[in-house]
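S.K.: Hey, dropping protein29.csv in here, CSV, C-alpha atoms:
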chain,number,residue,atom,x,y,z
A,1,MET,CA,99.5,104.3,85.6
A,2,LYS,CA,100.7,100.8,84.7
A,3,ARG,CA,102.6,99.2,87.5
A,4,ARG,CA,106.1,98.2,86.6
A,5,ARG,CA,108.1,95.5,88.4
A,6,PHE,CA,111.8,95.7,88.8
A,7,LEU,CA,114.1,92.9,90.0
A,8,ALA,CA,117.1,93.9,92.1
A,9,THR,CA,120.7,93.0,91.4
A,10,PRO,CA,122.9,93.2,94.5
A,11,VAL,CA,125.7,95.8,94.2
A,12,VAL,CA,128.7,97.1,96.1
A,13,MET,CA,129.3,100.9,95.9
A,14,ILE,CA,132.3,101.5,93.5
A,15,PRO,CA,134.3,104.7,93.8
A,16,ALA,CA,134.7,106.9,90.7
A,17,CYS,CA,137.9,106.6,88.8
A,18,ALA,CA,139.5,108.2,85.8
A,19,LEU,CA,138.1,105.9,83.2
A,20,GLY,CA,135.8,107.2,80.4
A,21,GLN,CA,135.0,110.8,79.6
A,22,ASP,CA,134.8,113.6,82.2
A,23,TYR,CA,131.6,114.3,84.0
A,24,PRO,CA,129.8,117.4,82.7
A,25,SER,CA,130.0,120.6,84.8
A,26,VAL,CA,127.1,122.4,86.5
A,27,ALA,CA,126.9,125.9,84.9
A,28,PRO,CA,124.8,129.0,85.6
A,29,GLY,CA,122.3,130.2,83.1
A,30,VAL,CA,121.0,126.7,82.1
A,31,ALA,CA,117.2,126.8,82.0
A,32,LEU,CA,115.5,123.7,83.2
A,33,ARG,CA,112.9,122.1,80.9
A,34,PHE,CA,110.0,120.0,82.2
A,35,PRO,CA,109.1,117.2,82.1
A,36,ARG,CA,112.6,116.3,80.8
A,37,ASP,CA,114.4,117.6,83.8
A,38,HIS,CA,112.2,115.7,86.2
A,39,GLY,CA,114.0,112.7,84.7
A,40,SER,CA,117.5,111.2,85.1
A,41,HIS,CA,120.7,113.0,84.0
A,42,PRO,CA,123.0,110.0,83.6
A,43,ASP,CA,126.1,111.9,82.4
A,44,PHE,CA,126.4,113.6,85.8
A,45,ARG,CA,128.1,111.9,88.7
A,46,THR,CA,125.2,111.9,91.3
A,47,GLU,CA,121.5,112.5,91.4
A,48,TRP,CA,118.6,112.1,93.8
A,49,TRP,CA,114.9,112.3,94.1
A,50,TYR,CA,113.9,112.9,97.7
A,51,VAL,CA,110.3,112.8,99.0
A,52,THR,CA,109.6,113.6,102.7
A,53,GLY,CA,106.3,114.4,104.4
A,54,TRP,CA,103.8,114.2,107.2
A,55,VAL,CA,100.7,112.1,107.0
A,56,ARG,CA,97.8,111.4,109.4
A,57,ALA,CA,96.5,107.8,109.6
A,58,GLU,CA,92.9,106.7,110.1
A,59,ASP,CA,93.4,106.2,113.8
A,60,GLY,CA,94.8,109.8,114.1
A,61,ALA,CA,98.5,108.8,114.4
A,62,GLU,CA,100.9,111.3,112.7
A,63,LEU,CA,103.6,109.6,110.7
A,64,GLY,CA,106.7,110.9,108.9
A,65,ILE,CA,107.5,109.3,105.5
A,66,GLN,CA,110.6,109.3,103.4
A,67,VAL,CA,111.1,107.8,99.9
A,68,THR,CA,114.5,108.5,98.2
A,69,PHE,CA,116.1,107.2,95.0
A,70,PHE,CA,119.7,107.9,94.2
A,71,ARG,CA,121.6,107.5,90.9
A,72,ASN,CA,125.4,107.3,90.6
A,73,ARG,CA,127.7,107.1,87.5
A,74,PRO,CA,130.8,105.4,88.8
A,75,ARG,CA,132.7,105.7,85.5
A,76,ILE,CA,133.6,102.0,85.6
A,77,ALA,CA,133.6,99.7,82.5
A,78,GLU,CA,131.8,102.3,80.4
A,79,GLY,CA,133.3,100.7,77.2
A,80,ASN,CA,132.3,97.2,78.2
A,81,PRO,CA,129.4,96.1,76.0
A,82,SER,CA,128.1,93.6,78.6
A,83,ARG,CA,124.6,94.5,79.9
A,84,PHE,CA,126.0,93.6,83.4
A,85,ALA,CA,128.6,96.4,83.3
A,86,PRO,CA,128.0,98.9,86.2
A,87,ARG,CA,127.6,102.0,84.1
A,88,GLN,CA,124.9,103.4,86.4
A,89,LEU,CA,124.1,102.4,90.0
A,90,LEU,CA,120.7,102.9,91.6
A,91,PHE,CA,120.0,103.1,95.4
A,92,ALA,CA,116.8,103.7,97.4
A,93,HIS,CA,115.9,104.4,101.0
A,94,ALA,CA,112.5,104.4,102.6
A,95,ALA,CA,111.4,105.1,106.1
A,96,ILE,CA,108.4,105.7,108.4
A,97,ALA,CA,108.7,107.7,111.6
A,98,ASP,CA,106.1,106.8,114.2
A,99,ALA,CA,106.4,108.2,117.8
A,100,ARG,CA,104.5,105.3,119.2
A,101,HIS,CA,107.0,102.8,117.8
A,102,GLY,CA,110.0,104.8,119.3
A,103,ARG,CA,112.4,104.3,116.4
A,104,LEU,CA,112.6,104.7,112.7
A,105,ARG,CA,111.4,101.9,110.5
A,106,HIS,CA,113.6,101.9,107.4
A,107,ASP,CA,114.8,99.8,104.5
A,108,GLN,CA,117.0,100.1,101.5
A,109,ARG,CA,117.7,98.8,98.0
A,110,ALA,CA,120.7,98.8,95.6
A,111,ALA,CA,121.2,97.6,92.0
A,112,ARG,CA,123.0,98.0,88.8
A,113,ALA,CA,120.8,99.8,86.2
A,114,ARG,CA,119.4,97.4,83.7
A,115,ILE,CA,116.3,97.8,81.4
A,116,GLY,CA,113.3,96.2,83.0
A,117,LEU,CA,115.2,95.4,86.2
A,118,ALA,CA,116.3,98.7,87.7
A,119,GLU,CA,115.8,101.9,85.8
A,120,ALA,CA,115.9,105.7,85.9
A,121,SER,CA,114.1,107.3,82.9
A,122,GLU,CA,115.6,110.3,81.1
A,123,ALA,CA,112.2,111.4,79.8
A,124,THR,CA,110.5,112.2,83.1
A,125,ALA,CA,110.6,111.0,86.8
A,126,ALA,CA,110.3,107.2,86.6
A,127,ILE,CA,112.8,105.4,88.9
A,128,GLY,CA,112.6,101.9,90.1
A,129,ILE,CA,114.4,99.0,91.8
A,130,ALA,CA,112.6,95.7,92.1
A,131,ASP,CA,109.1,96.4,93.6
A,132,TRP,CA,110.2,99.9,94.7
A,133,SER,CA,109.3,102.8,92.4
A,134,LEU,CA,108.7,106.5,92.1
A,135,ALA,CA,107.0,107.8,88.9
A,136,LEU,CA,105.4,110.9,87.6
A,137,ASP,CA,102.3,110.2,85.7
A,138,GLU,CA,99.6,112.7,84.5
A,139,GLY,CA,101.1,115.4,86.8
A,140,ARG,CA,101.2,113.3,90.0
A,141,TYR,CA,104.0,111.3,91.6
A,142,GLN,CA,103.2,107.8,92.7
A,143,ALA,CA,105.4,105.9,95.2
A,144,ARG,CA,105.2,102.1,95.7
A,145,ILE,CA,107.5,100.6,98.3
A,146,ALA,CA,107.4,97.0,99.6
A,147,ALA,CA,109.8,97.1,102.6
A,148,ARG,CA,110.4,94.4,105.2
A,149,GLU,CA,108.5,96.2,108.0
A,150,PHE,CA,106.1,98.3,106.0
A,151,ALA,CA,104.7,99.2,102.6
A,152,LEU,CA,103.8,102.5,101.0
A,153,ASP,CA,101.3,103.1,98.1
A,154,LEU,CA,101.1,106.9,98.0
A,155,VAL,CA,100.2,109.6,95.5
A,156,PHE,CA,101.8,113.1,95.7
A,157,ALA,CA,99.9,115.8,93.8
A,158,PRO,CA,101.6,119.2,93.2
A,159,THR,CA,99.7,122.3,94.5
A,160,GLN,CA,102.3,124.9,93.8
A,161,PRO,CA,104.8,125.7,91.0
A,162,VAL,CA,108.3,124.2,91.0
A,163,LEU,CA,110.6,126.1,93.3
A,164,LEU,CA,114.0,126.7,91.8
A,165,HIS,CA,116.9,127.2,94.2
A,166,GLY,CA,120.0,129.4,93.9
A,167,ASP,CA,120.2,131.2,90.6
A,168,ALA,CA,117.4,129.7,88.6
A,169,SER,CA,118.4,126.1,89.8
A,170,PHE,CA,122.2,126.8,89.9
A,171,SER,CA,122.7,126.0,93.6
A,172,GLN,CA,126.2,126.9,94.9
A,173,LYS,CA,127.6,124.6,97.7
A,174,ALA,CA,131.0,126.2,98.5
A,175,PRO,CA,132.8,129.5,98.1
A,176,SER,CA,133.8,128.5,94.6
A,177,VAL,CA,131.2,128.4,91.9
A,178,ARG,CA,132.7,125.2,90.7
A,179,ASN,CA,131.0,123.4,93.6
A,180,ALA,CA,127.3,123.5,92.6
A,181,SER,CA,124.3,121.5,91.7
A,182,TYR,CA,121.1,121.8,89.7
A,183,TYR,CA,118.4,121.8,92.3
A,184,TYR,CA,114.7,122.4,92.5
A,185,SER,CA,111.9,121.4,95.0
A,186,GLU,CA,108.1,120.9,94.9
A,187,PRO,CA,106.8,122.0,98.3
A,188,HIS,CA,103.2,121.4,99.6
A,189,LEU,CA,102.6,118.2,97.7
A,190,ARG,CA,99.1,116.8,98.6
A,191,VAL,CA,99.5,113.2,99.8
A,192,GLY,CA,97.0,110.4,99.8
A,193,GLY,CA,97.1,106.7,99.8
A,194,THR,CA,97.9,103.7,102.0
A,195,VAL,CA,100.6,102.9,104.6
A,196,THR,CA,100.8,99.3,105.7
A,197,ILE,CA,102.6,98.5,109.0
A,198,ALA,CA,102.8,94.9,110.4
A,199,GLY,CA,100.3,93.8,107.7
A,200,LYS,CA,97.7,96.4,108.7
A,201,PRO,CA,96.8,98.9,105.9
A,202,SER,CA,95.7,102.4,106.8
A,203,THR,CA,94.5,105.2,104.6
A,204,VAL,CA,96.5,108.4,105.1
A,205,SER,CA,96.6,112.0,103.9
A,206,GLY,CA,98.9,114.9,104.5
A,207,THR,CA,101.6,117.2,103.0
A,208,ALA,CA,105.0,116.4,101.5
A,209,TRP,CA,108.1,117.9,99.9
A,210,LEU,CA,110.1,116.7,96.9
A,211,ASP,CA,113.7,117.5,96.1
A,212,HIS,CA,115.5,116.7,92.8
A,213,GLU,CA,119.2,117.5,92.6
A,214,TRP,CA,122.1,116.5,90.4
A,215,SER,CA,125.8,117.4,90.2
A,216,SER,CA,129.2,116.2,89.2
A,217,GLU,CA,131.4,117.8,91.9
A,218,LEU,CA,132.6,116.1,95.0
A,219,MET,CA,131.9,117.8,98.3
A,220,VAL,CA,134.8,120.2,99.2
A,221,ARG,CA,137.4,118.8,101.5
A,222,GLU,CA,136.7,121.3,104.2
A,223,ALA,CA,133.2,120.0,104.6
A,224,ALA,CA,132.4,117.1,106.9
A,225,GLY,CA,128.7,116.9,106.0
A,226,TRP,CA,125.6,119.1,105.8
A,227,ASP,CA,122.5,120.1,107.7
A,228,TRP,CA,119.4,120.7,105.6
A,229,ALA,CA,115.7,121.5,106.3
A,230,GLY,CA,112.7,121.6,104.0
A,231,LEU,CA,109.6,123.1,105.7
A,232,ASN,CA,106.0,123.5,104.5
A,233,PHE,CA,104.5,126.4,106.4
A,234,ALA,CA,100.8,126.5,107.5
A,235,ASP,CA,100.2,129.7,105.6
A,236,GLY,CA,101.3,128.2,102.2
A,237,GLY,CA,104.8,129.4,102.3
A,238,ALA,CA,107.9,127.2,102.2
A,239,LEU,CA,111.6,127.2,103.2
A,240,MET,CA,114.6,125.2,102.1
A,241,ALA,CA,117.8,126.0,104.1
A,242,PHE,CA,121.2,124.2,104.3
A,243,ARG,CA,124.7,124.6,105.5
A,244,MET,CA,127.8,122.7,104.4
A,245,ARG,CA,129.4,122.0,107.8
A,246,ASP,CA,133.1,121.9,108.7
A,247,ARG,CA,134.7,119.5,111.2
A,248,ASP,CA,134.3,122.1,114.0
A,249,GLY,CA,130.6,122.6,113.4
A,250,GLY,CA,131.0,125.9,111.5
A,251,ALA,CA,129.7,126.7,108.1
A,252,VAL,CA,131.8,126.3,105.0
A,253,TRP,CA,128.8,127.6,103.0
A,254,ALA,CA,125.1,128.1,103.5
A,255,GLY,CA,122.0,129.1,101.5
A,256,GLY,CA,118.4,128.6,100.9
A,257,THR,CA,115.2,129.7,99.3
A,258,LEU,CA,112.1,131.2,101.0
A,259,ARG,CA,108.7,131.2,99.3
A,260,LEU,CA,106.3,133.6,100.9
A,261,ARG,CA,102.6,132.8,101.3
A,262,GLY,CA,101.7,134.8,98.2
A,263,GLY,CA,104.1,132.8,96.0
A,264,GLU,CA,107.1,135.2,95.8
A,265,ALA,CA,110.4,133.4,96.2
A,266,ARG,CA,113.7,134.8,97.5
A,267,THR,CA,117.2,133.3,97.4
A,268,LEU,CA,118.9,133.4,100.8
A,269,MET,CA,122.6,134.4,101.0
A,270,PRO,CA,125.1,132.5,103.3
A,271,ALA,CA,124.9,135.2,106.0
A,272,GLU,CA,121.1,134.8,106.2
A,273,VAL,CA,121.1,131.1,107.2
A,274,ARG,CA,122.3,129.8,110.5
A,275,PHE,CA,121.8,126.4,112.2
A,276,ARG,CA,122.2,126.5,116.0
A,277,PRO,CA,122.1,123.0,117.8
A,278,GLN,CA,119.9,123.0,120.9
A,279,ARG,CA,119.7,119.4,122.0
A,280,SER,CA,121.5,116.2,121.0
A,281,TRP,CA,120.6,112.6,120.9
A,282,ARG,CA,123.1,109.7,120.9
A,283,SER,CA,122.3,106.6,118.9
A,284,PRO,CA,122.3,103.4,121.0
A,285,ARG,CA,123.4,101.5,117.9
A,286,THR,CA,126.2,103.6,116.4
A,287,SER,CA,127.0,106.0,119.4
A,288,ILE,CA,126.8,108.9,116.9
A,289,GLU,CA,125.5,112.1,118.5
A,290,TYR,CA,123.1,114.2,116.3
A,291,PRO,CA,121.8,117.7,117.1
A,292,VAL,CA,118.1,116.7,116.7
A,293,SER,CA,116.7,119.9,118.0
A,294,MET,CA,117.8,123.0,116.1
A,295,LEU,CA,117.2,126.8,116.0
A,296,LEU,CA,117.2,127.7,112.3
A,297,GLU,CA,117.7,131.3,111.5
A,298,ALA,CA,116.7,132.0,107.9
A,299,GLY,CA,115.5,135.1,106.0
A,300,GLY,CA,115.1,137.2,109.1
A,301,ALA,CA,113.0,134.7,111.1
A,302,THR,CA,113.9,132.1,113.7
A,303,TYR,CA,112.4,128.6,113.7
A,304,GLU,CA,112.6,126.0,116.5
A,305,LEU,CA,112.9,122.6,114.9
A,306,GLU,CA,111.7,119.8,117.2
A,307,PRO,CA,111.7,116.1,116.1
A,308,LEU,CA,108.6,113.9,116.0
A,309,LEU,CA,110.8,111.4,117.8
A,310,GLU,CA,114.6,111.5,118.5
A,311,ASP,CA,115.5,108.1,117.0
A,312,GLN,CA,115.3,108.8,113.3
A,313,GLU,CA,118.8,107.5,112.4
A,314,LEU,CA,119.0,105.8,109.0
A,315,ASP,CA,121.6,103.1,108.5
A,316,SER,CA,122.4,102.9,104.8
A,317,LEU,CA,125.7,101.2,105.0
A,318,ALA,CA,124.5,98.3,102.8
A,319,SER,CA,123.6,100.7,99.9
A,320,THR,CA,125.1,104.2,99.9
A,321,GLY,CA,127.6,103.4,102.7
A,322,THR,CA,126.4,106.2,105.0
A,323,LEU,CA,124.8,106.7,108.4
A,324,TYR,CA,122.7,109.8,108.7
A,325,TRP,CA,119.7,111.3,110.6
A,326,GLU,CA,116.6,112.1,108.5
A,327,GLY,CA,113.8,113.2,110.7
A,328,ALA,CA,110.3,114.6,110.7
A,329,VAL,CA,110.2,117.9,112.6
A,330,ARG,CA,107.8,120.6,113.7
A,331,ALA,CA,108.7,124.2,113.1
A,332,ARG,CA,107.7,126.6,115.9
A,333,THR,CA,108.1,130.4,116.3
A,334,ALA,CA,107.9,131.7,119.8
A,335,GLY,CA,106.4,128.4,120.9
A,336,ARG,CA,103.7,128.4,118.2
A,337,GLU,CA,103.7,125.7,115.5
A,338,VAL,CA,104.0,127.4,112.1
A,339,GLY,CA,104.9,124.5,109.8
A,340,ARG,CA,106.2,120.9,109.4
A,341,GLY,CA,108.9,119.3,107.4
A,342,TYR,CA,112.2,117.3,107.6
A,343,LEU,CA,115.6,117.9,109.0
A,344,GLU,CA,118.6,116.0,107.5
A,345,LEU,CA,121.9,115.7,109.4
A,346,THR,CA,124.9,114.0,107.6
A,347,GLY,CA,128.6,113.5,108.4
A,348,TYR,CA,128.3,113.4,112.2
A,349,GLY,CA,129.8,109.9,112.6
A,350,LYS,CA,132.7,110.5,110.2
A,351,PRO,CA,133.2,113.0,107.4
A,352,LEU,CA,130.9,112.3,104.5
A,353,ARG,CA,132.5,111.7,101.1
A,354,LEU,CA,130.4,112.1,98.0
Spell out the structure here as structure tokens.
M.R.:
Amino acid sequence: MKRRRFLATPVVMIPACALGQDYPSVAPGVALRFPRDHGSHPDFRTEWWYVTGWVRAEDGAELGIQVTFFRNRPRIAEGNPSRFAPRQLLFAHAAIADARHGRLRHDQRAARARIGLAEASEATAAIGIADWSLALDEGRYQARIAAREFALDLVFAPTQPVLLHGDASFSQKAPSVRNASYYYSEPHLRVGGTVTIAGKPSTVSGTAWLDHEWSSELMVREAAGWDWAGLNFADGGALMAFRMRDRDGGAVWAGGTLRLRGGEARTLMPAEVRFRPQRSWRSPRTSIEYPVSMLLEAGGATYELEPLLEDQELDSLASTGTLYWEGAVRARTAGREVGRGYLELTGYGKPLRL
């Protein structure tokens, strides 16, 4: 794959307003078509491509990795012919979790979309800001990230079919069907490549998970944020589970998808998913308290989610304007490790507004 270089343009997050045409709605019964739907859907309000995983370095160290690209249509100056008009905004987050380091290494980027500078292709997955990129080429994803404290040059190869969530990718997020997204995942991606920390490159290998989701709806007012987990099980199965959380810690809505080891997938109803906080960690930088250890009840089983390290808080105030916890976790059942993945905790400092 030919390496592309993007140059960043600084940007401030601009709220959506009533200019331009309405955003399209997410509707049930829409069949996704690939490779087109791996790409960007610029008419919709928000979209993200999320890669998380566990890798082992040459020295045996186990690392958590995160690469995320976001796209936002702010509906600002859409009739302005200037190439500098902020018709599409792109953001990116990247992080490495290393228990020996004791805290999350992370970085971020933000830019107005411009051809050759910051782009999100509509043809397939190909997103980039400056020298950060995530692209699908010949059936494999490649991530190249040049951050301040680290660099990633990784290839993610699918080993399983795409996993559609909800009703054939129509993923409901509230009691009303109006609040929904198009959402699919690619579990059990085989990872290989290089991670560079403090100028020292290391060959790594492991397993990852990719999420791609897009929507036009704002989060319902009753929700303060969400808890989400994506788990790759050792037997080849996979689990995505989430709850939209209210201000008192209850569930506004919940759901998920369970893929069994044989490949059969089952949609989980709200009553089948419960997140039960077990242990909290308070950030020394923001004083936000996150439930970093969880009991996740999903599909009739219970998983103990324990973090690789507690300090996996990601400060993205300079890009998307949020603080959240995005952490590598082990999944155990009755004390036995059965899988690994990531736990995401949002809206704990103050209610999230998307």
S.K.: Please produce, as a Markdown table, a per-residue contact table for segment 149-196 of chain A versus segment 261-285 of chain A (criterion: any atom at most 9 Å away, only C-alpha atoms considered), showing the nearest atom pair and its distance in Å to one decimal, sorted by chain then residue number.
M.R.:
| residue | atom | partner | partner_atom | distance |
| --- | --- | --- | --- | --- |
| A:Gln160 | CA | A:Gly263 | CA | 8.4 |
| A:Pro161 | CA | A:Gly263 | CA | 8.7 |
| A:Leu163 | CA | A:Ala265 | CA | 7.9 |
| A:Leu164 | CA | A:Ala265 | CA | 8.8 |
| A:His165 | CA | A:Thr267 | CA | 6.9 |
| A:Gly166 | CA | A:Thr267 | CA | 5.9 |
| A:Asp167 | CA | A:Thr267 | CA | 7.7 |
S.K.: What lies within 12 Å of Leu218 of chain A using all atoms listed in the file, ignoring chain neighbours under 6 positions off, as a VMD selection string?
M.R.: chain A and resid 15 to 16 23 25 to 26 44 to 46 173 to 174 178 to 181 224 to 225 352 to 354
S.K.: So what do you get for atom CA of Glu337 of chain A versus atom CA of Trp228 of chain A, distance-wise?
M.R.: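 Separation of atom CA of Glu337 of chain A and atom CA of Trp228 of chain A: 19.2 Å.
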S.K.: Per residue of segment 181-227 of chain A within 7 Å of segment 51-64 of chain A, which atom pair is closest and at what distance in Å (one decimal), using all atoms listed in the file, listed by chain and increasing number, as a tab-separated table?
M.R.:
residue	atom	partner	partner_atom	distance
A:Ser202	CA	A:Glu58	CA	6.1
A:Thr203	CA	A:Glu58	CA	5.9
A:Val204	CA	A:Ala57	CA	4.5
A:Ser205	CA	A:Val55	CA	5.1
A:Gly206	CA	A:Val55	CA	4.2
A:Thr207	CA	A:Trp54	CA	5.6
A:Ala208	CA	A:Gly53	CA	3.8
A:Trp209	CA	A:Thr52	CA	5.3
A:Leu210	CA	A:Val51	CA	4.4
A:Asp211	CA	A:Val51	CA	6.5
S.K.: Would you compute the distance between atom CA of Thr302 of chain A and atom CA of Leu345 of chain A? Give it in Å to one decimal.
M.R.: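 Atom-to-atom, atom CA of Thr302 of chain A to atom CA of Leu345 of chain A, that is 18.7 Å.
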S.K.: List the spatial neighbours of Gly335 of chain A as a list of chain:residue names - criterion: any atom at most 12 Å away, all atoms listed in the file, same-chain residues fewer than 3 positions off excluded.
M.R.: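 Here the qualifying residues turn out to be A:Leu295, A:Thr302, A:Tyr303, A:Glu304, A:Leu305, A:Glu306, A:Arg330, A:Ala331, A:Arg332, A:Val338, A:Gly339.
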S.K.: Nearest residue to Gln66 of chain A out of A:Glu78, A:Glu149, A:Asp37, A:Asp107, using all atoms listed in the file?
M.R.: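 That would be A:Asp107, the residue with the smallest distance to Gln66 of chain A.
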S.K.: Report, in Å to a single decimal, how far apart atom CA of Gly349 of chain A and atom CA of Tyr182 of chain A are.
M.R.: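 Separation of atom CA of Tyr182 of chain A and atom CA of Gly349 of chain A: 27.2 Å.
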S.K.: Taking 2 positions as the minimum chain separation for residues in the same chain, which residues sit within 10 Å of Thr346 of chain A when counting only C-alpha atoms? Answer as a VMD selection string.
M.R.: chain A and resid 224 to 228 244 to 245 290 322 to 326 344 348 to 352
S.K.: Suppose we keep C-alpha atoms; can you now write the selection as a PDB file, in the frame of the given file?
M.R.:
ATOM      1  CA  ALA A 224     132.400 117.100 106.900  1.00  0.00           C
ATOM      2  CA  GLY A 225     128.700 116.900 106.000  1.00  0.00           C
ATOM      3  CA  TRP A 226     125.600 119.100 105.800  1.00  0.00           C
ATOM      4  CA  ASP A 227     122.500 120.100 107.700  1.00  0.00           C
ATOM      5  CA  TRP A 228     119.400 120.700 105.600  1.00  0.00           C
ATOM      6  CA  MET A 244     127.800 122.700 104.400  1.00  0.00           C
ATOM      7  CA  ARG A 245     129.400 122.000 107.800  1.00  0.00           C
ATOM      8  CA  TYR A 290     123.100 114.200 116.300  1.00  0.00           C
ATOM      9  CA  THR A 322     126.400 106.200 105.000  1.00  0.00           C
ATOM     10  CA  LEU A 323     124.800 106.700 108.400  1.00  0.00           C
ATOM     11  CA  TYR A 324     122.700 109.800 108.700  1.00  0.00           C
ATOM     12  CA  TRP A 325     119.700 111.300 110.600  1.00  0.00           C
ATOM     13  CA  GLU A 326     116.600 112.100 108.500  1.00  0.00           C
ATOM     14  CA  GLU A 344     118.600 116.000 107.500  1.00  0.00           C
ATOM     15  CA  TYR A 348     128.300 113.400 112.200  1.00  0.00           C
ATOM     16  CA  GLY A 349     129.800 109.900 112.600  1.00  0.00           C
ATOM     17  CA  LYS A 350     132.700 110.500 110.200  1.00  0.00           C
ATOM     18  CA  PRO A 351     133.200 113.000 107.400  1.00  0.00           C
ATOM     19  CA  LEU A 352     130.900 112.300 104.500  1.00  0.00           C
TER      20      LEU A 352
END
S.K.: Quick one: everything within 7 Å of Val162 of chain A, counting all atoms listed in the file, minus sequence neighbours fewer than 3 positions away in the same chain. Send it as a list in words.
M.R.: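 Here the answer would be Tyr184, Ser185 and Glu186 of chain A.
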S.K.: List as a list in words the protein and nucleic acid residues near segment 131-148 of chain A, meaning an atom at most 7 Å away when all atoms listed in the file are counted, but skip any in the same chain fewer than 3 places from it.
M.R.: Met1, Arg5, Phe6, Asp107, Thr124, Ala125, Ala126, Ile127, Gly128, Ala151, Leu152, Asp153, Leu154, Val155, Phe156, Ala157 and Pro158 of chain A
S.K.: Between A:Leu260, A:Val195, A:Ala95, A:Ser171, which is the closest to Trp214 of chain A once you count only C-alpha atoms?
M.R.: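 Under the stated criterion, the closest residue is A:Ser171.
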S.K.: Taking all atoms listed in the file into account, name the residue in A:Ala334, A:Ala92, A:Val220, A:Ala229 that is nearest to Val177 of chain A.
M.R.: A:Val220
S.K.: Restricting the calculation to only C-alpha atoms, which member of A:Arg190, A:Arg33, A:His93, A:Arg73 is positioned closest to Thr320 of chain A?
M.R.: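 Ranked by minimum distance to Thr320 of chain A, first place goes to A:His93.
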S.K.: Keeping C-alpha atoms, write segment 294-325 of chain A of the structure just shown out as a compact mmCIF listing (two decimals), in the first residue's frame.
M.R.:
# COMPACT_ATOMS: atom_id res chain seq x y z
CA MET A 294 -16.55 -4.56 36.35
CA LEU A 295 -18.73 -7.63 36.53
CA LEU A 296 -20.33 -7.93 33.12
CA GLU A 297 -23.41 -10.15 32.88
CA ALA A 298 -24.18 -10.89 29.26
CA GLY A 299 -25.96 -13.71 27.47
CA GLY A 300 -26.35 -15.84 30.61
CA ALA A 301 -22.67 -15.69 31.62
CA THR A 302 -20.74 -13.47 34.01
CA TYR A 303 -17.30 -12.04 33.23
CA GLU A 304 -14.93 -10.35 35.67
CA LEU A 305 -13.24 -7.49 33.80
CA GLU A 306 -9.88 -6.50 35.32
CA PRO A 307 -7.68 -3.75 33.84
CA LEU A 308 -4.12 -4.23 32.64
CA LEU A 309 -3.44 -1.09 34.69
CA GLU A 310 -5.79 1.33 36.41
CA ASP A 311 -4.54 4.59 34.89
CA GLN A 312 -5.95 4.35 31.37
CA GLU A 313 -7.69 7.73 31.32
CA LEU A 314 -7.58 9.51 27.95
CA ASP A 315 -7.68 13.30 27.94
CA SER A 316 -9.07 14.40 24.55
CA LEU A 317 -10.12 17.91 25.55
CA ALA A 318 -7.95 19.34 22.77
CA SER A 319 -9.78 17.38 20.05
CA THR A 320 -13.21 15.91 20.81
CA GLY A 321 -13.53 17.83 24.08
CA THR A 322 -14.00 14.79 26.32
CA LEU A 323 -12.34 12.88 29.15
CA TYR A 324 -12.88 9.15 29.20
CA TRP A 325 -11.35 5.84 30.32
